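Below you'll find the structure, written out as structure tokens, and then a few comments.
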Amino acid sequence: MPCYFAIIGARDNPIYEAEFTSQQLNSFPPELKELNPFILHASLDIIEDLQWQVNPQSINSGSGSGGFLRSRNSSNNGNCYLGKIDHFYGLAITGYLSYGNMKFVMIHSSNANGSTLAQVEDWSVRSFYQEVHELFVKTLMNPFYKLNDPITSPVFDSKVRALARRYLLK
Amino acid sequence: MSANSANISASSAGSKKSLKTFSDDIWKNKTAKINAELFTLTYGSIVSQLCTDFERDFKKVNSHLSAMGYNIGVRLIEDFLARTALPRCDSFTQTSEVISKCAFKIFLNVTPQVGNWSSSKDTFSLFLDENPLSDFVELPMDAVKELWYSNILCGVLKGALEMVQMDCDVWFVSDVLRGDQNTEMRVKLNRIMKEEIPAGED
């Protein structure tokens, strides 16, 4: 299924965007493609709500009480993944929140055009987010990159696309 | 000045193997270590700040980095000799071995490959397989062609060698950050300076 992925900075400014499509699968119809950024930004409010909730409903992994940054018991970044947070005419939207308040958001489209709701495979989407998060941390360590600036590095781009091929486009 | 020539007989660091174990030992026991990421980020912020200060005139940044390195080098050699108590090198070949296997090992824990000697044996290259200065770094588009990111190393070597009476030129030939195959530094010996008595002393 085609996906549209974006990183939104702490000041709600776009940092990075990419569209993942493959040849054998459909891509976004051109008239809907331009709507993607709007759909995605609309879900930012939901992320902000979830961020401060004590018990985000979408975390169904049973990792105990506490929302984002509140689980003292787990030292991993498992609770950054917010799961499916929104849907819009058959598109599913998932989110991931980094500790620096960077929002990673993605629109998943179903194969059939909008007739059925897109299914999200939590496991692979979570792995994708976690690895992108890792790449993002490495980008932050680059002394020439300023926080909250758009990421223009072609290396980052190609690595994210490689991850998308591995986890999302199967 | 004469600290290195005073102990000619003290050390038997002639052969390659003993030089290696010798510097491993110093690295393990005599060197204070800091977190690698802290080190890398500190150097990185210096370079990026210089780029801003010189308004992205990378030629100036290069020469400034080299000048900073020179000031480090002329002091660092004192520390180096105090730690290692190595004797004066007999040949420039030996100097190259000491630089790669001892100096780089002790201060940066890497061992660059020595190679690409000129026919007159006065110029050689150091190939840095890993460069602790440039982890995480990706040069911005406008800097790729001009900036020698690790140019501070050239200055350090030049300053240090000058203090042991070797007038050298040191420069980068290639850098993986620029998309080259390897990172290569070139060291050229211009002349061996005579030990001159400072003016005013008999």
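Ordering of the structure tokens sets the chain letters (A, B, ...); residue numbers start at 1 within each chain; ligands are numbered from 1 in the order shown.
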
Long-range neighbours of A:Phe104 as a list in words, 9 Å cut-off, only C-alpha atoms, 2 positions minimum in chain: Phe5, Ala6, Ile7, Ile8, Gly9, Thr94, Gly95, Tyr96, Leu97, Ser98, Met102, Met106, Tyr129, Val132 and His133 of chain A

Residue list for chain B near chain A as a list in words, 6 Å, only C-alpha atoms: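 On the chain B side, the interface is Gly44, Ser45, Ser48, Phe136 and Val137 of chain B.
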
Contact residues around stretch 68-82 of chain B with only C-alpha atoms at 8 Å, ignoring same-chain residues under 3 positions, as a ChimeraX atom specification: /B:3-4,64-65,85-86,103,151-163

Atom CA of B:Leu50 to atom CA of B:Tyr149, distance in Å rounded to a single decimal: 11.0 Å

Between atom CA of A:Gly90 and atom CA of A:Arg165, distance in Å (one decimal): 22.1 Å
